[in-house]
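Here the structure is laid out as structure tokens; the discussion comes afterwards.
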Number of protein chains: 2
Amino acid sequence: MPAATIGPELQRLIDLLAKMPGLGPRSAKRAALYLLKKRDPVMRPLAYALDEAANKVKACSVCGNWDSVDPCAVCADSDRDQTVLCVVQDVADLWALERAGAHKGRYHVLGGLLSPLDGIGPDDLNLGSLIARGKEGGISEIVLALAATVDGQTTAHYLTDHLESSGVKVTRLSQGVPVGGELDYLDEGTLAAAMKSRRPY
Amino acid sequence: MPAATIGPELQRLIDLLAKMPGLGPRSAKRAALYLLKKRDPVMRPLAYALDEAANKVKACSVCGNWDSVDPCAVCADSDRDQTVLCVVQDVADLWALERAGAHKGRYHVLGGLLSPLDGIGPDDLNLGSLIARGKEGGISEIVLALAATVDGQTTAHYLTDHLESSGVKVTRLSQGVPVGGELDYLDEGTLAAAMKSRRPY
């Protein structure tokens, strides 16, 4: 397309929208046209919300969750079980566990996984503060809710090693057949793991 | 999910992102997390670009295209054929035709199609200015590049009627088999139209 067809302001908006996950170059154009049609109900409020969130949302100094208050609302919630910590890679995983109602305690967000290949070491993640929380006392169990990948296992091993001396029980999510999953479509690794950790009815 | 897990600033951002076409509630959360990780390279520039485009991008007073200058860059381009006008429903269609390099003249953007069922009449669209452009002189052909739907045909009929007296030749895009399309997968209407307008090799 000749550069002249789309003006510079509009082109800049499209280029930035196209960087968002879930939007490609073509859907970014569609989104830009949609926004221009909804300037007051969506476009200007979105500009304001982006700016406000960029300035106000910060990582919780206790657990690493993102919130506009510190400590975050999850850490400050006294109704939550203070003795069980759930360790997740990212805020998205915290939200997923909350959506499932799977955890009633508090969290610790690592901000990534150890990955020697990508050059991500212990100092790049929220690991030290987790080990400190474990040694502080008051916590009886730390659940490692990490991805079942090589990096997830590396991180889990590192944490298990460093938390051993604190005497806190370290657990991990079970592996097996997903609820509603058909055996036929499962990969061999999952099937083997499910068979290995089979349980009595 | 309990309301407390996601702070109000972040929730407001997610709700607004979820209104964009191509993003649902879950991908809006993913996008919000991505943006928070890229505050300076993407998030703040996006807030600024949204605000700037909302204030500067306006409909061209000649053709209805969106640009930050008026007349728009397409109308102002003297290298374009001034005698052929291509009529499109929306700016997205103008971009599609430009991407294809299918039209070397100027455009007229209607801003929608006549739709008696949805209560969209001639006064809701850019129709009067198109008819005026046709009668002004200097234009030899008006190509109706409108959707092959009931509303598209209604609009085409209305325009053909009102442009008749101006003596301008009114044409429309051909219908037929898409390039690379397999006959087996085409609907009956398209196949019948392609057969009806068959041409010698």
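Labeling convention for the structure tokens: chains A, B, ... as they appear, residues from 1 per chain, ligands from 1 in order of appearance.
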
Per-residue nearest contacts of chain B to chain A (7 Å; only C-alpha atoms) as a Markdown table:
| residue | atom | partner | partner_atom | distance |
| --- | --- | --- | --- | --- |
| B:Met1 | CA | A:Arg99 | CA | 4.7 |
| B:Ala4 | CA | A:Ala73 | CA | 6.0 |
| B:Thr5 | CA | A:Val74 | CA | 5.9 |
| B:Ile6 | CA | A:Asp67 | CA | 6.8 |
| B:Gly7 | CA | A:Asp67 | CA | 5.4 |
| B:Glu9 | CA | A:Ala53 | CA | 5.7 |
| B:Leu10 | CA | A:Ala53 | CA | 6.0 |
| B:Arg12 | CA | A:Ala49 | CA | 6.7 |
| B:Leu13 | CA | A:Ala49 | CA | 5.3 |
| B:Leu16 | CA | A:Leu46 | CA | 6.0 |
| B:Met20 | CA | A:Ala31 | CA | 6.0 |
| B:Pro21 | CA | A:Ala31 | CA | 5.8 |
| B:Gly22 | CA | A:Leu23 | CA | 6.7 |
| B:Leu23 | CA | A:Gly22 | CA | 6.7 |
| B:Ser27 | CA | A:Gly22 | CA | 6.7 |
| B:Ala31 | CA | A:Pro21 | CA | 5.8 |
| B:Leu36 | CA | A:Ala54 | CA | 6.4 |
| B:Arg39 | CA | A:Ala54 | CA | 6.0 |
| B:Val42 | CA | A:Leu16 | CA | 6.6 |
| B:Met43 | CA | A:Leu50 | CA | 6.5 |
| B:Arg44 | CA | A:Asp51 | CA | 6.0 |
| B:Leu46 | CA | A:Leu16 | CA | 6.0 |
| B:Ala47 | CA | A:Ala47 | CA | 4.2 |
| B:Tyr48 | CA | A:Ala47 | CA | 6.8 |
| B:Ala49 | CA | A:Leu13 | CA | 5.3 |
| B:Leu50 | CA | A:Ala47 | CA | 5.6 |
| B:Asp51 | CA | A:Ala47 | CA | 5.9 |
| B:Ala53 | CA | A:Glu9 | CA | 5.7 |
| B:Ala54 | CA | A:Arg39 | CA | 6.0 |
| B:Asp67 | CA | A:Gly7 | CA | 5.4 |
| B:Ser68 | CA | A:Gly7 | CA | 6.2 |
| B:Ala73 | CA | A:Ala4 | CA | 6.0 |
| B:Val74 | CA | A:Thr5 | CA | 5.9 |
| B:Glu98 | CA | A:Met1 | CA | 5.7 |
| B:Arg99 | CA | A:Met1 | CA | 4.7 |

Item to check | DSSP-assigned strand (DSSP E) members of chain B, reported as a VMD selection string | outcome: chain B and resid 58 to 59 66 to 67 81 to 88 105 to 109 141 to 144 169 to 172

Can I get the selection written as an mmCIF file, in the first residue's frame, with N, CA, C and O atoms?
data_model
loop_
_atom_site.group_PDB
_atom_site.id
_atom_site.type_symbol
_atom_site.label_atom_id
_atom_site.label_comp_id
_atom_site.auth_asym_id
_atom_site.auth_seq_id
_atom_site.Cartn_x
_atom_site.Cartn_y
_atom_site.Cartn_z
ATOM 1 N N LYS B 58 -9.812 12.857 11.318
ATOM 2 C CA LYS B 58 -11.185 13.271 11.017
ATOM 3 C C LYS B 58 -11.581 12.761 9.635
ATOM 4 O O LYS B 58 -10.726 12.391 8.839
ATOM 5 N N ALA B 59 -12.883 12.742 9.376
ATOM 6 C CA ALA B 59 -13.358 12.328 8.067
ATOM 7 C C ALA B 59 -13.048 13.419 7.047
ATOM 8 O O ALA B 59 -13.290 14.603 7.310
ATOM 9 N N TRP B 66 -10.651 8.627 6.378
ATOM 10 C CA TRP B 66 -10.140 9.163 7.628
ATOM 11 C C TRP B 66 -8.674 9.548 7.500
ATOM 12 O O TRP B 66 -7.842 8.727 7.115
ATOM 13 N N ASP B 67 -8.367 10.770 7.870
ATOM 14 C CA ASP B 67 -6.981 11.228 7.818
ATOM 15 C C ASP B 67 -6.831 12.412 8.758
ATOM 16 O O ASP B 67 -7.821 12.985 9.220
ATOM 17 N N ASP B 81 -5.922 9.326 -10.824
ATOM 18 C CA ASP B 81 -6.886 9.615 -11.881
ATOM 19 C C ASP B 81 -8.087 10.344 -11.270
ATOM 20 O O ASP B 81 -8.819 9.799 -10.460
ATOM 21 N N GLN B 82 -8.274 11.604 -11.664
ATOM 22 C CA GLN B 82 -9.341 12.410 -11.066
ATOM 23 C C GLN B 82 -10.706 12.094 -11.680
ATOM 24 O O GLN B 82 -11.721 12.598 -11.193
ATOM 25 N N THR B 83 -10.725 11.293 -12.733
ATOM 26 C CA THR B 83 -11.992 11.089 -13.442
ATOM 27 C C THR B 83 -12.734 9.835 -13.000
ATOM 28 O O THR B 83 -13.875 9.638 -13.377
ATOM 29 N N VAL B 84 -12.071 8.972 -12.219
ATOM 30 C CA VAL B 84 -12.731 7.734 -11.787
ATOM 31 C C VAL B 84 -12.888 7.735 -10.267
ATOM 32 O O VAL B 84 -11.913 7.901 -9.535
ATOM 33 N N LEU B 85 -14.115 7.552 -9.798
ATOM 34 C CA LEU B 85 -14.417 7.501 -8.368
ATOM 35 C C LEU B 85 -14.795 6.081 -7.995
ATOM 36 O O LEU B 85 -15.590 5.448 -8.679
ATOM 37 N N CYS B 86 -14.238 5.576 -6.898
ATOM 38 C CA CYS B 86 -14.604 4.252 -6.427
ATOM 39 C C CYS B 86 -15.392 4.421 -5.127
ATOM 40 O O CYS B 86 -14.900 5.015 -4.169
ATOM 41 N N VAL B 87 -16.617 3.896 -5.091
ATOM 42 C CA VAL B 87 -17.493 4.066 -3.938
ATOM 43 C C VAL B 87 -17.387 2.842 -3.040
ATOM 44 O O VAL B 87 -17.595 1.710 -3.491
ATOM 45 N N VAL B 88 -17.015 3.066 -1.765
ATOM 46 C CA VAL B 88 -16.888 1.949 -0.819
ATOM 47 C C VAL B 88 -17.758 2.208 0.411
ATOM 48 O O VAL B 88 -18.120 3.346 0.710
ATOM 49 N N GLY B 105 -7.778 5.673 -9.041
ATOM 50 C CA GLY B 105 -8.490 6.949 -8.983
ATOM 51 C C GLY B 105 -8.727 7.371 -7.548
ATOM 52 O O GLY B 105 -7.970 7.031 -6.651
ATOM 53 N N ARG B 106 -9.796 8.129 -7.327
ATOM 54 C CA ARG B 106 -10.126 8.568 -5.981
ATOM 55 C C ARG B 106 -11.299 7.744 -5.433
ATOM 56 O O ARG B 106 -11.830 6.866 -6.122
ATOM 57 N N TYR B 107 -11.650 8.059 -4.202
ATOM 58 C CA TYR B 107 -12.677 7.245 -3.527
ATOM 59 C C TYR B 107 -13.829 8.095 -3.042
ATOM 60 O O TYR B 107 -13.743 9.333 -2.980
ATOM 61 N N HIS B 108 -14.893 7.404 -2.645
ATOM 62 C CA HIS B 108 -15.945 8.032 -1.859
ATOM 63 C C HIS B 108 -16.413 7.008 -0.826
ATOM 64 O O HIS B 108 -16.855 5.905 -1.180
ATOM 65 N N VAL B 109 -16.279 7.367 0.449
ATOM 66 C CA VAL B 109 -16.610 6.435 1.536
ATOM 67 C C VAL B 109 -18.013 6.755 2.052
ATOM 68 O O VAL B 109 -18.264 7.859 2.555
ATOM 69 N N GLU B 141 -16.482 8.131 -14.567
ATOM 70 C CA GLU B 141 -16.948 6.803 -14.154
ATOM 71 C C GLU B 141 -17.005 6.717 -12.638
ATOM 72 O O GLU B 141 -16.084 7.163 -11.942
ATOM 73 N N ILE B 142 -18.076 6.103 -12.138
ATOM 74 C CA ILE B 142 -18.205 5.822 -10.715
ATOM 75 C C ILE B 142 -18.326 4.309 -10.552
ATOM 76 O O ILE B 142 -19.262 3.694 -11.087
ATOM 77 N N VAL B 143 -17.336 3.694 -9.875
ATOM 78 C CA VAL B 143 -17.335 2.240 -9.657
ATOM 79 C C VAL B 143 -17.956 1.957 -8.294
ATOM 80 O O VAL B 143 -17.441 2.424 -7.278
ATOM 81 N N LEU B 144 -19.022 1.204 -8.245
ATOM 82 C CA LEU B 144 -19.626 0.846 -6.973
ATOM 83 C C LEU B 144 -18.961 -0.424 -6.462
ATOM 84 O O LEU B 144 -19.242 -1.520 -6.946
ATOM 85 N N LYS B 169 -20.917 7.338 -16.170
ATOM 86 C CA LYS B 169 -21.036 5.893 -16.298
ATOM 87 C C LYS B 169 -20.906 5.253 -14.918
ATOM 88 O O LYS B 169 -19.936 5.509 -14.199
ATOM 89 N N VAL B 170 -21.885 4.442 -14.506
ATOM 90 C CA VAL B 170 -21.832 3.767 -13.216
ATOM 91 C C VAL B 170 -21.557 2.289 -13.442
ATOM 92 O O VAL B 170 -22.258 1.635 -14.211
ATOM 93 N N THR B 171 -20.495 1.769 -12.819
ATOM 94 C CA THR B 171 -20.144 0.350 -12.990
ATOM 95 C C THR B 171 -20.108 -0.317 -11.607
ATOM 96 O O THR B 171 -20.218 0.337 -10.586
ATOM 97 N N ARG B 172 -19.952 -1.644 -11.607
ATOM 98 C CA ARG B 172 -19.791 -2.333 -10.312
ATOM 99 C C ARG B 172 -18.747 -3.428 -10.456
ATOM 100 O O ARG B 172 -18.398 -3.817 -11.577
#

Checklist entry - Nearest to Arg80 of chain A: which of A:Lys104, A:Tyr158, A:Gly167, A:Val62 is it, counting only C-alpha atoms? => result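 The answer is A:Lys104, which sits nearest to Arg80 of chain A.
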
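Going from atom CA of Ala145 of chain B over to atom CA of Ala132 of chain B, you cover 18.5 Å.
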
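Taking atom CA of Thr155 of chain A and atom CA of Leu114 of chain A as endpoints, the distance between them is 5.3 Å.
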
Next on the checklist: Using Å and a single decimal, report how far atom CA of Ser174 of chain B sits from atom CA of Ala192 of chain B.
Outcome noted: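 Those two atoms sit 13.0 Å apart.
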
Item to check | His162 of chain A surroundings by only C-alpha atoms, 12 Å radius, close-in-sequence under 4 positions cut, as a count of residues only | outcome: 18

Next on the checklist: Taking the DSSP secondary structure from the backbone, can you list the residues of chain B that are helix (DSSP H, G or I), as a ChimeraX atom specification?
Outcome noted: /B:3-5,8-17,25-37,39-56,73-76,91-99,116-118,122-124,127-136,150-166,183-185,188-196
